[in-house]
>>> print(open('query.txt').read())   # compact mmCIF, C-alpha atoms
# COMPACT_ATOMS: atom_id res chain seq x y z
CA LEU A 6 -11.47 -35.50 -55.70
CA VAL A 7 -12.73 -32.70 -57.90
CA LYS A 8 -12.77 -29.22 -56.44
CA THR A 9 -14.50 -26.21 -58.00
CA GLY A 10 -15.09 -22.68 -56.77
CA ALA A 11 -17.33 -19.72 -57.43
CA LEU A 12 -16.69 -16.11 -56.44
CA ASP A 13 -19.67 -14.19 -55.09
CA GLY A 14 -18.75 -10.59 -55.80
CA ASP A 15 -16.43 -8.34 -57.75
CA ALA A 16 -13.08 -9.59 -56.41
CA VAL A 17 -12.68 -7.25 -53.47
CA ALA A 18 -11.36 -8.12 -50.03
CA GLY A 19 -14.23 -9.54 -47.99
CA ASP A 20 -15.94 -11.27 -50.91
CA THR A 21 -16.48 -15.02 -50.55
CA VAL A 22 -15.37 -17.97 -52.66
CA THR A 23 -17.60 -21.01 -52.21
CA TYR A 24 -15.83 -24.26 -52.97
CA THR A 25 -17.61 -27.49 -53.90
CA PHE A 26 -15.89 -30.83 -53.33
CA THR A 27 -16.98 -33.95 -55.22
CA VAL A 28 -15.46 -37.24 -54.09
CA THR A 29 -15.96 -40.34 -56.22
CA ASN A 30 -14.92 -43.85 -55.24
CA THR A 31 -13.19 -44.93 -58.45
CA GLY A 32 -11.96 -48.19 -56.96
CA ASN A 33 -13.55 -51.64 -56.62
CA VAL A 34 -13.98 -51.79 -52.80
CA THR A 35 -15.99 -49.78 -50.30
CA LEU A 36 -14.18 -46.87 -48.62
CA THR A 37 -15.00 -45.78 -45.07
CA ASP A 38 -14.03 -42.67 -43.11
CA VAL A 39 -13.88 -40.62 -46.31
CA ALA A 40 -12.66 -37.16 -45.33
CA VAL A 41 -11.75 -33.97 -47.20
CA THR A 42 -9.37 -31.42 -45.73
CA ASP A 43 -8.85 -27.94 -47.05
CA PRO A 44 -6.40 -25.79 -45.06
CA LEU A 45 -7.50 -22.56 -46.78
CA THR A 46 -11.12 -22.94 -45.67
CA GLY A 47 -10.31 -23.99 -42.13
CA GLY A 48 -9.56 -27.71 -42.27
CA ASP A 49 -12.15 -30.47 -42.37
CA VAL A 50 -14.95 -30.23 -44.93
CA THR A 51 -18.29 -31.77 -43.99
CA LEU A 52 -19.38 -34.36 -46.59
CA ASP A 53 -22.93 -35.60 -47.09
CA VAL A 54 -21.71 -39.22 -46.71
CA THR A 55 -18.44 -40.72 -45.47
CA THR A 56 -18.81 -44.32 -46.69
CA LEU A 57 -18.59 -44.86 -50.43
CA ALA A 58 -19.25 -48.07 -52.33
CA PRO A 59 -17.53 -48.35 -55.73
CA GLY A 60 -18.92 -45.62 -58.01
CA ASP A 61 -20.60 -43.71 -55.15
CA VAL A 62 -20.20 -39.94 -54.81
CA ALA A 63 -19.97 -37.66 -51.77
CA THR A 64 -20.18 -33.88 -51.86
CA GLY A 65 -19.42 -31.00 -49.53
CA THR A 66 -18.92 -27.24 -49.58
CA ALA A 67 -16.75 -24.75 -47.76
CA SER A 68 -16.21 -21.00 -48.02
CA TYR A 69 -13.22 -18.70 -47.98
CA THR A 70 -13.18 -14.93 -47.50
CA LEU A 71 -10.79 -13.04 -49.77
CA THR A 72 -8.02 -10.96 -48.26
CA GLN A 73 -6.47 -7.88 -49.84
CA GLY A 74 -3.35 -9.98 -50.45
CA ASP A 75 -5.41 -12.41 -52.55
CA VAL A 76 -6.87 -9.58 -54.64
CA ASP A 77 -3.46 -7.95 -55.09
CA ALA A 78 -2.05 -11.33 -56.21
CA GLY A 79 -4.77 -11.61 -58.89
CA GLU A 80 -5.87 -15.08 -57.86
CA VAL A 81 -6.51 -17.44 -55.01
CA SER A 82 -5.16 -20.94 -55.55
CA ASN A 83 -6.20 -23.71 -53.22
CA THR A 84 -5.48 -27.42 -52.84
CA ALA A 85 -7.70 -29.84 -50.94
CA SER A 86 -7.03 -33.48 -50.07
CA VAL A 87 -9.25 -36.52 -49.60
CA SER A 88 -8.58 -39.81 -47.89
CA GLY A 89 -10.60 -42.96 -47.44
CA THR A 90 -9.98 -46.28 -45.75
CA PRO A 91 -10.38 -49.53 -47.76
CA PRO A 92 -11.20 -52.87 -46.06
CA THR A 93 -7.48 -53.81 -46.08
CA GLY A 94 -4.31 -51.81 -46.50
CA GLY A 95 -3.55 -48.17 -45.88
CA PRO A 96 -5.72 -45.21 -46.76
CA VAL A 97 -6.13 -44.08 -50.35
CA THR A 98 -5.70 -40.38 -51.10
CA ASP A 99 -6.08 -37.79 -53.80
CA ASP A 100 -5.89 -34.01 -54.03
CA ASP A 101 -7.12 -31.32 -56.37
CA THR A 102 -6.18 -27.70 -56.85
CA PHE A 103 -8.54 -24.99 -58.02
CA THR A 104 -7.55 -21.43 -58.89
CA VAL A 105 -10.04 -18.57 -58.85
CA PRO A 106 -8.86 -15.65 -61.00
CA LEU A 107 -9.44 -12.24 -59.40
CA ALA A 108 -9.67 -9.44 -61.94
CA ALA A 109 -7.75 -6.31 -61.02
CA ALA A 110 -9.69 -3.07 -61.34
CA PRO A 111 -7.24 -0.33 -60.40
CA SER A 112 -8.70 3.15 -60.09
CA ILE A 113 -7.66 6.41 -58.46
CA ASP A 114 -9.42 9.70 -57.77
CA LEU A 115 -7.80 13.12 -57.28
CA VAL A 116 -9.67 16.10 -55.89
CA LYS A 117 -7.94 19.48 -55.93
CA THR A 118 -9.36 22.48 -54.09
CA GLY A 119 -7.98 25.95 -53.55
CA LEU A 120 -8.34 28.64 -50.90
CA LEU A 121 -7.31 32.24 -51.53
CA GLN A 122 -5.17 33.69 -48.75
CA GLY A 123 -5.83 37.42 -48.98
CA ALA A 124 -7.99 39.85 -50.92
CA GLY A 125 -7.22 38.52 -54.37
CA VAL A 126 -4.53 40.95 -55.37
CA GLU A 127 -1.18 40.33 -56.96
CA GLY A 128 1.15 38.61 -54.52
CA ASP A 129 -1.58 36.86 -52.54
CA THR A 130 -1.29 33.11 -52.19
CA VAL A 131 -3.70 30.33 -53.06
CA SER A 132 -3.34 27.25 -50.88
CA TYR A 133 -4.21 24.09 -52.73
CA SER A 134 -5.37 20.87 -51.13
CA PHE A 135 -5.03 17.55 -52.91
CA THR A 136 -6.97 14.46 -51.83
CA VAL A 137 -6.00 11.18 -53.47
CA THR A 138 -8.28 8.15 -52.99
CA ASN A 139 -7.79 4.58 -54.17
CA THR A 140 -11.20 3.79 -55.69
CA GLY A 141 -10.13 0.44 -57.16
CA ASN A 142 -9.83 -3.07 -55.75
CA VAL A 143 -6.04 -3.46 -55.67
CA THR A 144 -3.34 -1.75 -53.62
CA LEU A 145 -1.66 1.15 -55.45
CA GLU A 146 2.04 1.82 -54.95
CA ASP A 147 4.22 4.76 -55.95
CA VAL A 148 1.24 7.14 -55.84
CA ALA A 149 2.36 10.56 -57.02
CA VAL A 150 0.72 13.93 -57.62
CA THR A 151 2.12 16.57 -59.95
CA ASP A 152 0.80 20.07 -60.48
CA PRO A 153 2.67 22.35 -62.89
CA LEU A 154 1.05 25.44 -61.36
CA THR A 155 2.57 24.74 -57.95
CA GLY A 156 5.99 23.74 -59.23
CA GLY A 157 5.59 20.13 -60.27
CA ALA A 158 5.73 17.27 -57.80
CA VAL A 159 3.57 17.47 -54.68
CA THR A 160 5.26 15.79 -51.72
CA LEU A 161 3.16 12.98 -50.25
CA ASP A 162 3.87 11.32 -46.92
CA VAL A 163 2.01 8.20 -48.09
CA THR A 164 2.67 6.66 -51.50
CA THR A 165 0.92 3.30 -51.03
CA LEU A 166 -2.88 3.22 -50.83
CA ALA A 167 -5.04 0.19 -50.11
CA PRO A 168 -8.50 0.14 -51.71
CA GLY A 169 -10.69 2.77 -50.09
CA ASP A 170 -7.76 4.59 -48.54
CA GLY A 171 -7.49 8.31 -49.11
CA TYR A 172 -4.75 10.78 -48.37
CA GLY A 173 -4.86 14.52 -48.34
CA VAL A 174 -2.05 17.05 -48.54
CA VAL A 175 -2.04 20.85 -48.45
CA HIS A 176 0.41 22.65 -50.65
CA ALA A 177 0.74 26.40 -51.01
CA GLY A 178 0.94 27.49 -54.59
CA PRO A 179 1.49 30.70 -56.51
CA GLY A 180 -1.23 33.33 -56.29
>>> encode(input="query.txt", output="structure tokens")
Amino acid sequence: LVKTGALDGDAVAGDTVTYTFTVTNTGNVTLTDVAVTDPLTGGDVTLDVTTLAPGDVATGTASYTLTQGDVDAGEVSNTASVSGTPPTGGPVTDDDTFTVPLAAAPSIDLVKTGLLQGAGVEGDTVSYSFTVTNTGNVTLEDVAVTDPLTGGAVTLDVTTLAPGDGYGVVHAGPG
């Protein structure tokens, strides 16, 4: 069994990996009931033929949809198994593992806005709003905002952002 895979996308959750399975009868007798199983793609893989004479080849494909956990891990590794029944004796088996690397592309965006509370005279306050958005493809942890004008660290209720997640906080600062 030889298993390969191709990613169709940029390694974000929801992209698809298409796996191709090539089974070759490397023995000297015909194999029947040749079957490939791949737990990651849902179990049984449909092959174009299930009886293989010596030297014959069967192929099949199956797809897998990436999860955020796969992207955060940086790869999706998958093992498939094949079995076939010879004329006598027990089934023969093989397995193959294929790993698809998933490139991390971390990115974050901060938007700061301010609103004057008052007429713009000494002692008035400017309220600042901070919106942090994870614009990358991996989960960001320990997200922090600092602003020296408002006293340093801005307290966030959420410090872990999945891709696409955004969080806003309002913080009153000096006028």
>>> residues_around(input="query.txt", residues="stretch 36-51 of chain A", least_positions_apart="6", cutoff="7 Å", atoms="only C-alpha atoms", output="number ranges by chain")
A: 57-58, 65-69, 83-91
>>> closest_residue(input="query.txt", among="A:Leu154, A:Val131, A:Ala149, A:Gly141", to="A:Val175", atoms="all atoms listed in the file")
A:Val131
>>> closest_residue(input="query.txt", among="A:Leu121, A:Val174, A:Ala16, A:Val62", to="A:Gly79", atoms="all atoms listed in the file")
A:Ala16
>>> atom_distance(input="query.txt", atom1="atom CA of A:Thr102", atom2="atom CA of A:Ala167")
28.7 Å
>>> atom_distance(input="query.txt", atom1="atom CA of A:Thr104", atom2="atom CA of A:Thr31")
24.2 Å
>>> closest_residue(input="query.txt", among="A:Thr160, A:Thr165, A:Asn30, A:Thr136", to="A:Val148", atoms="all atoms listed in the file")
A:Thr165
>>> closest_residue(input="query.txt", among="A:Ser132, A:Gln122, A:Thr151, A:Thr72", to="A:Pro168", atoms="all atoms listed in the file")
A:Thr72
>>> closest_residue(input="query.txt", among="A:Gly173, A:Thr93, A:Thr130, A:Ala63", to="A:Leu115", atoms="only C-alpha atoms")
A:Gly173
>>> closest_residue(input="query.txt", among="A:Gly14, A:Gly94, A:Asp53, A:Thr21", to="A:Val34", atoms="all atoms listed in the file")
A:Gly94
>>> atom_distance(input="query.txt", atom1="atom CA of A:Gly19", atom2="atom CA of A:Thr64")
25.4 Å
>>> residues_around(input="query.txt", residues="stretch 7-11 of chain A", least_positions_apart="3", cutoff="8 Å", atoms="all atoms listed in the file", output="VMD selection string")
chain A and resid 22 to 28 85 100 to 105
>>> residues_near_point(input="query.txt", point="(-6.5, 22.3, -51.2)", cutoff="7 Å", atoms="only C-alpha atoms", output="PyMOL selection string")
chain A and resi 117-120+132-135+175-176
>>> write_last_selection(input="query.txt", atoms="C-alpha atoms", output="PDB file, keeping the file's coordinate frame")
ATOM      1  CA  LYS A 117      -7.940  19.480 -55.930  1.00  0.00           C
ATOM      2  CA  THR A 118      -9.360  22.480 -54.090  1.00  0.00           C
ATOM      3  CA  GLY A 119      -7.980  25.950 -53.550  1.00  0.00           C
ATOM      4  CA  LEU A 120      -8.340  28.640 -50.900  1.00  0.00           C
ATOM      5  CA  SER A 132      -3.340  27.250 -50.880  1.00  0.00           C
ATOM      6  CA  TYR A 133      -4.210  24.090 -52.730  1.00  0.00           C
ATOM      7  CA  SER A 134      -5.370  20.870 -51.130  1.00  0.00           C
ATOM      8  CA  PHE A 135      -5.030  17.550 -52.910  1.00  0.00           C
ATOM      9  CA  VAL A 175      -2.040  20.850 -48.450  1.00  0.00           C
ATOM     10  CA  HIS A 176       0.410  22.650 -50.650  1.00  0.00           C
TER      11      HIS A 176
END
